[in-house]
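Asker: Structure supplied as start.cif; contents: mmCIF, C-alpha atoms.
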```cif
data_input
loop_
_atom_site.label_atom_id
_atom_site.label_comp_id
_atom_site.auth_asym_id
_atom_site.auth_seq_id
_atom_site.Cartn_x
_atom_site.Cartn_y
_atom_site.Cartn_z
CA MET A 1 11.97 -10.83 -8.24
CA ASP A 2 15.72 -11.39 -8.35
CA ALA A 3 15.75 -12.88 -11.84
CA GLU A 4 13.21 -10.74 -13.69
CA VAL A 5 12.72 -7.49 -11.78
CA HIS A 6 16.04 -6.55 -10.21
CA PRO A 7 18.01 -6.37 -13.49
CA THR A 8 15.72 -3.62 -14.85
CA ILE A 9 14.84 -1.61 -11.77
CA ARG A 10 17.67 0.94 -11.91
CA ALA A 11 16.84 1.94 -15.48
CA ARG A 12 13.11 1.99 -14.79
CA ASP A 13 13.62 4.19 -11.73
CA ARG A 14 15.71 6.63 -13.73
CA GLU A 15 13.14 6.76 -16.54
CA GLU A 16 10.07 6.61 -14.25
CA GLN A 17 8.84 3.61 -16.21
CA PHE A 18 5.80 1.81 -14.83
CA ALA A 19 6.36 -1.96 -14.59
CA ARG A 20 3.35 -3.08 -16.63
CA ASP A 21 4.85 -6.30 -17.96
CA GLU A 22 6.30 -7.38 -14.63
CA LEU A 23 3.04 -6.69 -12.80
CA ARG A 24 1.14 -8.67 -15.40
CA LYS A 25 3.44 -11.65 -14.77
CA LEU A 26 2.93 -11.33 -11.01
CA GLY A 27 -0.81 -11.24 -11.67
CA GLU A 28 -0.55 -14.50 -13.55
CA LEU A 29 1.16 -15.96 -10.48
CA GLY A 30 -1.82 -14.96 -8.35
CA CYS A 31 -0.29 -11.93 -6.62
CA CYS A 32 -3.10 -9.51 -7.53
CA GLY A 33 -5.99 -11.49 -6.05
CA MET A 34 -4.57 -13.07 -2.93
CA LEU A 35 -7.51 -11.98 -0.74
CA VAL A 36 -10.14 -13.05 -3.27
CA PRO A 37 -11.84 -16.50 -3.21
CA GLU A 38 -10.94 -19.01 -5.89
CA GLU A 39 -14.46 -18.91 -7.31
CA TRP A 40 -13.74 -15.33 -8.40
CA GLY A 41 -10.30 -16.09 -9.80
CA GLY A 42 -8.32 -15.33 -6.66
CA SER A 43 -5.85 -17.27 -4.55
CA ALA A 44 -7.94 -17.39 -1.33
CA ALA A 45 -4.73 -16.89 0.64
CA ASP A 46 -4.60 -15.89 4.29
CA THR A 47 -3.28 -12.50 5.38
CA ILE A 48 0.05 -13.96 6.52
CA SER A 49 0.71 -15.25 3.00
CA TYR A 50 -0.33 -11.90 1.58
CA VAL A 51 2.14 -9.89 3.68
CA LEU A 52 4.91 -12.38 2.93
CA MET A 53 4.34 -11.77 -0.78
CA LEU A 54 4.44 -8.00 -0.32
CA GLU A 55 7.61 -8.19 1.75
CA GLU A 56 9.38 -10.28 -0.86
CA VAL A 57 8.35 -7.97 -3.70
CA ALA A 58 9.34 -4.83 -1.73
CA ARG A 59 12.72 -6.36 -0.91
CA VAL A 60 13.55 -5.81 -4.59
CA ASP A 61 11.06 -3.18 -5.86
CA ALA A 62 9.04 -1.15 -3.36
CA ALA A 63 7.07 0.66 -6.07
CA MET A 64 5.81 -2.65 -7.41
CA ALA A 65 4.76 -3.72 -3.93
CA VAL A 66 2.57 -0.65 -3.42
CA ALA A 67 0.84 -1.24 -6.78
CA LEU A 68 0.05 -4.80 -5.66
CA SER A 69 -1.03 -3.69 -2.20
CA VAL A 70 -3.57 -1.21 -3.54
CA THR A 71 -4.97 -3.68 -6.07
CA ASN A 72 -5.33 -6.43 -3.47
CA SER A 73 -6.57 -4.66 -0.37
CA LEU A 74 -8.11 -1.39 -1.59
CA ALA A 75 -9.75 -2.55 -4.83
CA ALA A 76 -10.33 -6.30 -5.13
CA PHE A 77 -11.10 -7.07 -1.49
CA PRO A 78 -13.79 -4.39 -0.99
CA ILE A 79 -15.57 -5.56 -4.14
CA PHE A 80 -15.58 -9.10 -2.76
CA LYS A 81 -16.88 -7.94 0.64
CA TYR A 82 -19.28 -5.14 -0.30
CA GLY A 83 -19.94 -5.65 -4.00
CA THR A 84 -23.06 -7.02 -5.63
CA GLU A 85 -23.00 -10.27 -7.53
CA ALA A 86 -22.90 -8.31 -10.79
CA GLN A 87 -19.96 -6.18 -9.60
CA ARG A 88 -18.02 -9.24 -8.47
CA LYS A 89 -18.64 -11.02 -11.75
CA LYS A 90 -17.62 -8.00 -13.82
CA TYR A 91 -14.49 -6.88 -11.97
CA LEU A 92 -13.06 -9.51 -9.60
CA PRO A 93 -11.71 -12.06 -12.11
CA ARG A 94 -9.92 -9.35 -14.10
CA LEU A 95 -8.43 -7.76 -10.97
CA ALA A 96 -7.45 -11.10 -9.47
CA LYS A 97 -5.61 -12.21 -12.60
CA GLY A 98 -3.81 -8.90 -13.00
CA GLU A 99 -5.57 -8.09 -16.27
CA ILE A 100 -6.40 -4.70 -14.74
CA LEU A 101 -5.04 -2.90 -11.69
CA GLY A 102 -7.11 -1.15 -9.07
CA ALA A 103 -6.82 2.30 -7.49
CA PHE A 104 -8.22 3.95 -4.37
CA CYS A 105 -9.33 7.60 -4.49
CA LEU A 106 -9.82 9.22 -1.10
CA THR A 107 -7.18 11.95 -0.68
CA GLU A 108 -7.89 15.41 -2.06
CA PRO A 109 -5.75 18.56 -2.20
CA GLN A 110 -7.44 19.83 0.99
CA ALA A 111 -8.29 16.49 2.63
CA GLY A 112 -5.68 13.90 3.60
CA SER A 113 -5.71 12.62 7.16
CA ASP A 114 -9.09 14.34 7.64
CA ALA A 115 -10.96 11.95 5.38
CA ALA A 116 -14.40 13.32 6.27
CA ALA A 117 -13.41 16.69 4.78
CA ILE A 118 -13.49 15.49 1.18
CA ALA A 119 -15.20 17.91 -1.18
CA THR A 120 -15.92 15.62 -4.16
CA THR A 121 -19.67 15.30 -4.61
CA ALA A 122 -21.89 12.77 -6.35
CA PRO A 123 -25.48 13.99 -6.56
CA ARG A 124 -27.94 11.48 -7.94
CA ARG A 125 -29.72 12.13 -11.21
CA GLY A 126 -32.16 9.31 -11.77
CA ALA A 127 -30.19 6.08 -12.21
CA THR A 128 -26.87 7.95 -12.50
CA TYR A 129 -24.53 9.74 -10.10
CA LEU A 130 -22.58 12.77 -11.32
CA LEU A 131 -19.11 12.87 -9.78
CA ASN A 132 -17.50 16.29 -9.45
CA GLY A 133 -14.19 16.98 -7.75
CA THR A 134 -10.47 16.29 -7.63
CA LYS A 135 -8.55 13.35 -6.14
CA SER A 136 -4.82 13.54 -5.56
CA TRP A 137 -1.94 11.12 -4.90
CA VAL A 138 -3.84 8.24 -6.51
CA THR A 139 -1.54 5.21 -6.67
CA ASN A 140 -1.83 3.40 -10.03
CA GLY A 141 -3.51 6.55 -11.37
CA GLY A 142 -3.60 6.50 -15.15
CA GLU A 143 -2.68 2.82 -15.16
CA ALA A 144 -5.63 1.28 -13.31
CA GLY A 145 -8.64 -0.19 -15.01
CA LEU A 146 -10.89 0.46 -12.00
CA TYR A 147 -11.01 3.25 -9.40
CA LEU A 148 -12.74 3.08 -6.03
CA VAL A 149 -13.79 6.70 -5.49
CA LEU A 150 -15.17 8.26 -2.29
CA ALA A 151 -17.59 11.16 -2.74
CA LYS A 152 -20.37 12.90 -0.83
CA THR A 153 -23.86 11.96 -1.95
CA ASP A 154 -25.30 14.01 0.93
CA PRO A 155 -22.93 16.89 1.76
CA ALA A 156 -25.18 18.09 4.59
CA ALA A 157 -24.69 14.80 6.42
CA GLY A 158 -20.92 15.25 6.70
CA ALA A 159 -19.05 11.97 7.24
CA ARG A 160 -22.31 10.03 7.08
CA GLY A 161 -23.00 11.38 3.62
CA VAL A 162 -19.96 9.77 1.95
CA SER A 163 -20.52 6.93 -0.54
CA ALA A 164 -18.19 4.69 -2.53
CA PHE A 165 -18.22 4.20 -6.30
CA LEU A 166 -16.52 1.91 -8.80
CA VAL A 167 -15.38 4.15 -11.64
CA GLU A 168 -13.95 3.00 -14.95
CA PRO A 169 -11.54 5.35 -16.76
CA SER A 170 -13.80 5.20 -19.83
CA PHE A 171 -16.70 6.88 -18.00
CA PRO A 172 -17.49 10.33 -19.45
CA GLY A 173 -16.03 13.10 -17.27
CA PHE A 174 -13.04 11.12 -15.95
CA ARG A 175 -9.62 12.68 -16.58
CA VAL A 176 -6.03 12.21 -15.43
CA ALA A 177 -4.95 15.81 -14.78
CA ARG A 178 -1.26 15.28 -13.99
CA TYR A 179 1.34 13.00 -12.42
CA GLU A 180 3.32 13.79 -9.28
CA ASP A 181 7.08 14.29 -9.60
CA LYS A 182 8.12 12.32 -6.54
CA MET A 183 11.24 11.88 -4.45
CA GLY A 184 10.90 8.08 -4.36
CA LEU A 185 8.75 5.23 -5.68
CA ARG A 186 9.33 6.82 -9.05
CA THR A 187 8.13 3.81 -11.05
CA SER A 188 4.79 3.91 -9.22
CA ARG A 189 2.25 6.25 -10.78
CA SER A 190 0.73 8.85 -8.42
CA ALA A 191 -1.84 10.90 -10.27
CA GLU A 192 -4.24 13.76 -9.75
CA LEU A 193 -7.66 12.93 -11.18
CA THR A 194 -10.51 15.27 -12.01
CA PHE A 195 -14.16 14.36 -12.31
CA THR A 196 -16.43 16.72 -14.22
CA ASP A 197 -20.03 15.51 -14.22
CA CYS A 198 -18.50 12.03 -14.44
CA GLU A 199 -21.39 9.68 -15.09
CA VAL A 200 -21.43 6.67 -12.75
CA PRO A 201 -24.31 4.20 -13.11
CA GLU A 202 -26.26 3.38 -9.96
CA GLY A 203 -25.08 -0.21 -10.35
CA ASN A 204 -21.51 0.97 -9.73
CA ARG A 205 -22.16 2.27 -6.25
CA LEU A 206 -20.27 0.06 -3.78
CA GLY A 207 -22.36 -0.66 -0.70
CA GLU A 208 -25.18 1.59 0.42
CA GLU A 209 -25.36 5.36 0.27
CA GLY A 210 -23.61 6.87 3.29
CA GLN A 211 -21.51 3.74 3.88
CA GLY A 212 -18.43 5.04 2.06
CA LEU A 213 -16.36 6.34 4.94
CA LYS A 214 -16.98 3.21 7.00
CA ILE A 215 -15.75 1.11 4.06
CA ALA A 216 -12.72 3.36 3.55
CA LEU A 217 -11.59 3.30 7.18
CA GLU A 218 -11.93 -0.47 7.39
CA LEU A 219 -9.90 -0.85 4.21
CA LEU A 220 -7.17 1.41 5.57
CA ASP A 221 -6.78 -0.87 8.60
CA GLY A 222 -5.92 -3.74 6.27
CA GLY A 223 -3.96 -1.51 3.93
CA ARG A 224 -1.70 -0.41 6.79
CA VAL A 225 -0.68 -4.00 7.43
CA GLY A 226 0.35 -4.26 3.78
CA ILE A 227 2.31 -0.99 3.89
CA ALA A 228 4.08 -2.17 7.05
CA ALA A 229 5.06 -5.34 5.18
CA GLN A 230 6.39 -3.14 2.39
CA ALA A 231 8.56 -1.35 4.95
CA VAL A 232 9.94 -4.65 6.23
CA GLY A 233 10.74 -5.72 2.68
CA ILE A 234 12.67 -2.55 1.85
CA ALA A 235 14.60 -2.84 5.11
CA GLN A 236 15.42 -6.49 4.41
CA GLY A 237 16.74 -5.58 0.97
CA ALA A 238 18.86 -2.80 2.47
CA LEU A 239 20.26 -5.16 5.11
CA GLU A 240 21.18 -7.81 2.56
CA ALA A 241 22.87 -5.26 0.30
CA SER A 242 24.77 -3.77 3.25
CA ALA A 243 25.99 -7.10 4.61
CA ALA A 244 27.18 -8.18 1.16
CA TYR A 245 28.97 -4.87 0.58
CA ALA A 246 30.58 -4.91 4.03
CA LYS A 247 32.07 -8.34 3.37
CA GLN A 248 33.74 -7.27 0.11
CA ARG A 249 34.69 -3.61 0.72
CA ARG A 250 38.24 -3.33 2.10
CA ALA A 251 39.80 -0.55 4.18
CA PHE A 252 42.93 -0.44 6.31
CA GLY A 253 43.91 -3.92 5.18
CA LYS A 254 40.66 -5.71 6.08
CA THR A 255 37.01 -5.87 5.06
CA ILE A 256 34.82 -3.25 6.71
CA SER A 257 32.71 -6.08 8.16
CA ASP A 258 35.62 -6.65 10.55
CA PHE A 259 35.08 -3.23 12.14
CA GLN A 260 32.87 -3.11 15.21
CA ALA A 261 31.18 0.13 14.08
CA VAL A 262 29.85 -1.60 10.97
CA GLN A 263 28.99 -4.79 12.86
CA TRP A 264 26.87 -2.84 15.34
CA MET A 265 24.98 -1.07 12.57
CA LEU A 266 24.20 -4.39 10.90
CA ALA A 267 23.17 -5.92 14.23
CA ASP A 268 20.80 -3.03 14.97
CA MET A 269 19.35 -3.23 11.47
CA GLN A 270 18.59 -6.93 11.72
CA THR A 271 17.12 -6.64 15.23
CA GLU A 272 14.78 -3.82 14.24
CA ILE A 273 13.66 -5.66 11.10
CA GLU A 274 12.78 -8.75 13.11
CA ALA A 275 10.85 -6.64 15.63
CA ALA A 276 8.85 -4.96 12.86
CA ARG A 277 8.23 -8.28 11.13
CA GLY A 278 6.79 -9.64 14.37
CA LEU A 279 4.35 -6.72 14.64
CA VAL A 280 3.31 -7.14 10.99
CA HIS A 281 2.75 -10.87 11.30
CA ASN A 282 0.83 -10.38 14.55
CA ALA A 283 -1.55 -7.91 12.91
CA ALA A 284 -1.96 -10.25 9.94
CA TRP A 285 -2.61 -13.17 12.28
CA MET A 286 -5.25 -11.17 14.16
CA ARG A 287 -7.00 -10.54 10.87
CA ASP A 288 -6.89 -14.23 10.04
CA GLN A 289 -8.35 -15.02 13.47
CA GLY A 290 -11.26 -12.66 12.88
CA ALA A 291 -10.28 -10.24 15.65
CA ALA A 292 -13.09 -7.80 16.44
CA LYS A 293 -10.75 -4.82 16.15
CA ILE A 294 -7.42 -4.83 14.33
CA GLY A 295 -7.04 -1.08 13.85
CA PRO A 296 -4.65 -0.50 16.79
CA ALA A 297 -2.57 -3.59 15.91
CA ALA A 298 -2.34 -2.44 12.28
CA SER A 299 -1.35 1.04 13.46
CA ARG A 300 1.37 -0.32 15.76
CA ALA A 301 2.78 -2.37 12.90
CA LYS A 302 2.61 0.53 10.46
CA LEU A 303 4.06 3.06 12.90
CA TYR A 304 7.03 0.98 13.97
CA ALA A 305 7.80 -0.54 10.57
CA SER A 306 7.61 2.79 8.72
CA GLU A 307 9.96 4.53 11.13
CA MET A 308 12.19 1.45 11.40
CA VAL A 309 12.78 1.31 7.65
CA ASN A 310 13.96 4.92 7.60
CA ARG A 311 16.50 4.17 10.32
CA VAL A 312 17.66 1.04 8.50
CA VAL A 313 18.13 2.66 5.09
CA TYR A 314 20.02 5.53 6.74
CA LYS A 315 22.49 2.99 8.13
CA ALA A 316 22.62 1.19 4.77
CA VAL A 317 23.71 4.38 3.00
CA GLN A 318 26.24 5.03 5.76
CA ILE A 319 27.77 1.56 5.39
CA HIS A 320 28.06 2.03 1.63
CA GLY A 321 29.74 5.40 2.09
CA SER A 322 29.95 7.54 -1.05
CA LEU A 323 28.63 4.64 -3.14
CA GLY A 324 25.45 4.75 -1.06
CA TYR A 325 24.91 8.33 -2.22
CA SER A 326 25.22 7.32 -5.86
CA ARG A 327 22.35 6.46 -8.18
CA GLU A 328 24.39 3.39 -9.10
CA SER A 329 23.56 1.72 -5.77
CA ASP A 330 20.32 0.03 -4.75
CA VAL A 331 20.41 1.53 -1.26
CA GLU A 332 20.22 5.08 -2.65
CA ARG A 333 16.87 4.18 -4.26
CA MET A 334 15.73 2.39 -1.09
CA TYR A 335 16.55 5.50 0.93
CA ARG A 336 14.25 7.58 -1.28
CA ASP A 337 11.54 4.93 -1.45
CA ALA A 338 11.37 4.50 2.32
CA ARG A 339 10.66 8.12 3.20
CA VAL A 340 7.02 8.15 2.13
CA ILE A 341 6.05 5.10 4.20
CA SER A 342 5.65 7.13 7.38
CA ILE A 343 3.32 9.47 5.45
CA TYR A 344 0.91 7.53 3.24
CA GLU A 345 -1.95 5.29 4.41
CA GLY A 346 -1.98 7.38 7.57
CA THR A 347 0.94 9.42 8.89
CA SER A 348 2.92 8.33 11.94
CA GLU A 349 1.12 11.03 13.89
CA ILE A 350 -2.28 9.57 12.98
CA GLN A 351 -1.08 6.07 13.95
CA ARG A 352 -0.02 7.37 17.36
CA LEU A 353 -3.46 8.92 17.87
CA ILE A 354 -5.17 5.61 17.04
CA ILE A 355 -2.87 3.65 19.35
CA ALA A 356 -3.22 6.11 22.24
CA ARG A 357 -7.01 6.39 21.97
CA ASP A 358 -7.31 2.62 22.09
CA LEU A 359 -4.93 2.39 25.04
CA LEU A 360 -6.74 5.10 27.00
CA GLN A 361 -10.23 3.72 26.57
CA PRO A 362 -12.05 3.03 29.87
CA SER A 363 -11.47 -0.71 29.41
CA GLY A 364 -7.70 -0.13 29.26
CA ALA A 365 -5.25 -1.90 26.96
CA ALA A 366 -6.69 -4.31 24.45
CA GLY A 367 -6.52 -7.98 25.37
CA PRO A 368 -6.30 -11.06 23.13
CA PRO A 369 -8.24 -10.87 19.88
CA LYS A 370 -11.88 -11.93 20.14
CA PRO A 371 -13.47 -13.50 17.05
CA ARG A 372 -16.30 -11.65 15.40
CA GLU A 373 -19.69 -13.29 15.44
CA ALA A 374 -19.53 -13.88 11.70
CA VAL A 375 -16.23 -14.21 9.92
CA THR A 376 -15.45 -15.16 6.36
CA THR A 377 -12.43 -17.39 5.82
CA HIS A 378 -11.46 -15.95 2.45
CA GLY A 379 -8.23 -14.09 3.04
CA GLY A 380 -8.89 -13.87 6.77
CA ARG A 381 -11.06 -10.79 6.25
CA ALA A 382 -14.40 -10.31 7.92
#
```
Would you mind writing the structure in this file as structure tokens?

Answerer:
Amino acid sequence: MDAEVHPTIRARDREEQFARDELRKLGELGCCGMLVPEEWGGSAADTISYVLMLEEVARVDAAMAVALSVTNSLAAFPIFKYGTEAQRKKYLPRLAKGEILGAFCLTEPQAGSDAAAIATTAPRRGATYLLNGTKSWVTNGGEAGLYLVLAKTDPAAGARGVSAFLVEPSFPGFRVARYEDKMGLRTSRSAELTFTDCEVPEGNRLGEEGQGLKIALELLDGGRVGIAAQAVGIAQGALEASAAYAKQRRAFGKTISDFQAVQWMLADMQTEIEAARGLVHNAAWMRDQGAAKIGPAASRAKLYASEMVNRVVYKAVQIHGSLGYSRESDVERMYRDARVISIYEGTSEIQRLIIARDLLQPSGAAGPPKPREAVTTHGGRA
């Protein structure tokens, strides 16, 4: 990351250039299929190793980390868990090696946190489903080789009528409508997609009909751990840049690192990062242990880490002074990149609802993780 990604990131951010070549190299290193078994071309890593990878990538390039996170946890992993043998054989090796990226299509213009309110439909016509609707804020949109799309096969059934589909961009009726002009993560593609009688073969349905929302919500639990790791990585990068700058910037005859005001900011930054890292690693560990329910732990990690990183990058810009407000500094980009983390993959408000509902259940606060009856060891995911 330091040798090959950092030297180009400022120019890529300014030009909104997607890091295709760099992501392909990371794929060759195994970073796109960490939660996939070796028999399908993956690394068969545990969740702790996965979040360590994401943190290290995000420390240098947060946009690259989110592209990897989506490909690993929201595209490759669900195919391994819910896919047929034919689907695994067709898609997993290419995803795992980084030959293609994955994308996850749930959010719509009128449906974000309320996932059951999606309006995209997929009526069945013989051996084909016809997708119709619009998906927005699709990470890796226009760059991915495979899209996991949620649509209603039975609109009358509400949330129980949602199904999941594996859609290739070459399918008739698939179109990238536009790209978002974003505040941060500007080298990560976020696209609006339209589906107009998009023909999806029956063999590309993931899981059973009506199982889509269950799949999506489970994936978001794991995805939130990855996004929390991304937050820790950005914060770590901001801390390192701030400490280095404080030791070389001079004012009033001494380096600014000699001033207590700056020392206290750095101390608070490091303490909060370590606290967030502990929550992230705990949630990852619970997943590796096969905990029966990791949603609240993932939400605690995501909530704290996403709000922590915004406090840390604020202090980083403050330590850098006017340079921190300049596009010539890394912390200016980190400041912009961090803002979305408390919004996507579930807003902070949604995380608080999940945490509170779990806490206020009749049984009270959750105890130690209890293993599921049947747990796969590949990537610590059940």

Asker: Could you list, as a count of residues only, every residue within 10 Å of Gln318 in chain A, counting all atoms listed in the file and ignoring same-chain residues fewer than 6 positions away?

Answerer: 7

Asker: Which residues fall under the PyMOL selection byres ((chain A and resi 104) around 8) in this file, as a list in words?

Answerer: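 On this input, the PyMOL selection byres ((chain A and resi 104) around 8) captures Val70, Leu74, Ala75, Gly102, Ala103, Cys105, Leu106, Val138, Thr139, Tyr147, Leu148 and Val149 of chain A.
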
Asker: So, counting all atoms listed in the file, which residue among A:Gln236, A:Val309, A:Glu28, A:Ile319 is closest to Trp264 in chain A?

Answerer: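 Among the listed residues, the smallest separation from Trp264 in chain A belongs to A:Ile319.
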
Asker: I need the residue set behind the PyMOL selection byres ((chain A and resi 51-56) around 8) for this file; please write it as a list of chain:residue names.

Answerer: A:Met1, A:Cys31, A:Thr47, A:Ile48, A:Ser49, A:Tyr50, A:Val57, A:Ala58, A:Arg59, A:Val60, A:Ala65, A:Leu68, A:Ser69, A:Val225, A:Gly226, A:Ala229, A:Gln230, A:Ala231, A:Val232, A:Gly233, A:Ile234, A:Val280, A:His281, A:Ala284

Asker: Could you write those residues out with C-alpha atoms, as a PDB file, in the frame of the given file?

Answerer:
```pdb
ATOM      1  CA  MET A   1      11.970 -10.830  -8.240  1.00  0.00           C
ATOM      2  CA  CYS A  31      -0.290 -11.930  -6.620  1.00  0.00           C
ATOM      3  CA  THR A  47      -3.280 -12.500   5.380  1.00  0.00           C
ATOM      4  CA  ILE A  48       0.050 -13.960   6.520  1.00  0.00           C
ATOM      5  CA  SER A  49       0.710 -15.250   3.000  1.00  0.00           C
ATOM      6  CA  TYR A  50      -0.330 -11.900   1.580  1.00  0.00           C
ATOM      7  CA  VAL A  57       8.350  -7.970  -3.700  1.00  0.00           C
ATOM      8  CA  ALA A  58       9.340  -4.830  -1.730  1.00  0.00           C
ATOM      9  CA  ARG A  59      12.720  -6.360  -0.910  1.00  0.00           C
ATOM     10  CA  VAL A  60      13.550  -5.810  -4.590  1.00  0.00           C
ATOM     11  CA  ALA A  65       4.760  -3.720  -3.930  1.00  0.00           C
ATOM     12  CA  LEU A  68       0.050  -4.800  -5.660  1.00  0.00           C
ATOM     13  CA  SER A  69      -1.030  -3.690  -2.200  1.00  0.00           C
ATOM     14  CA  VAL A 225      -0.680  -4.000   7.430  1.00  0.00           C
ATOM     15  CA  GLY A 226       0.350  -4.260   3.780  1.00  0.00           C
ATOM     16  CA  ALA A 229       5.060  -5.340   5.180  1.00  0.00           C
ATOM     17  CA  GLN A 230       6.390  -3.140   2.390  1.00  0.00           C
ATOM     18  CA  ALA A 231       8.560  -1.350   4.950  1.00  0.00           C
ATOM     19  CA  VAL A 232       9.940  -4.650   6.230  1.00  0.00           C
ATOM     20  CA  GLY A 233      10.740  -5.720   2.680  1.00  0.00           C
ATOM     21  CA  ILE A 234      12.670  -2.550   1.850  1.00  0.00           C
ATOM     22  CA  VAL A 280       3.310  -7.140  10.990  1.00  0.00           C
ATOM     23  CA  HIS A 281       2.750 -10.870  11.300  1.00  0.00           C
ATOM     24  CA  ALA A 284      -1.960 -10.250   9.940  1.00  0.00           C
TER      25      ALA A 284
END
```

Asker: Taking the file as shown, find all residues satisfying the PyMOL selection byres ((chain A and resi 12-21) around 8) and write them as an mmCIF file with C-alpha atoms, keeping the file's coordinate frame.

Answerer:
```
data_model
loop_
_atom_site.group_PDB
_atom_site.id
_atom_site.type_symbol
_atom_site.label_atom_id
_atom_site.label_comp_id
_atom_site.auth_asym_id
_atom_site.auth_seq_id
_atom_site.Cartn_x
_atom_site.Cartn_y
_atom_site.Cartn_z
ATOM 1 C CA THR A 8 15.720 -3.620 -14.850
ATOM 2 C CA ILE A 9 14.840 -1.610 -11.770
ATOM 3 C CA ARG A 10 17.670 0.940 -11.910
ATOM 4 C CA ALA A 11 16.840 1.940 -15.480
ATOM 5 C CA GLU A 22 6.300 -7.380 -14.630
ATOM 6 C CA LEU A 23 3.040 -6.690 -12.800
ATOM 7 C CA ARG A 24 1.140 -8.670 -15.400
ATOM 8 C CA LYS A 25 3.440 -11.650 -14.770
ATOM 9 C CA MET A 64 5.810 -2.650 -7.410
ATOM 10 C CA LEU A 185 8.750 5.230 -5.680
ATOM 11 C CA ARG A 186 9.330 6.820 -9.050
ATOM 12 C CA THR A 187 8.130 3.810 -11.050
ATOM 13 C CA SER A 188 4.790 3.910 -9.220
ATOM 14 C CA ARG A 189 2.250 6.250 -10.780
#
```
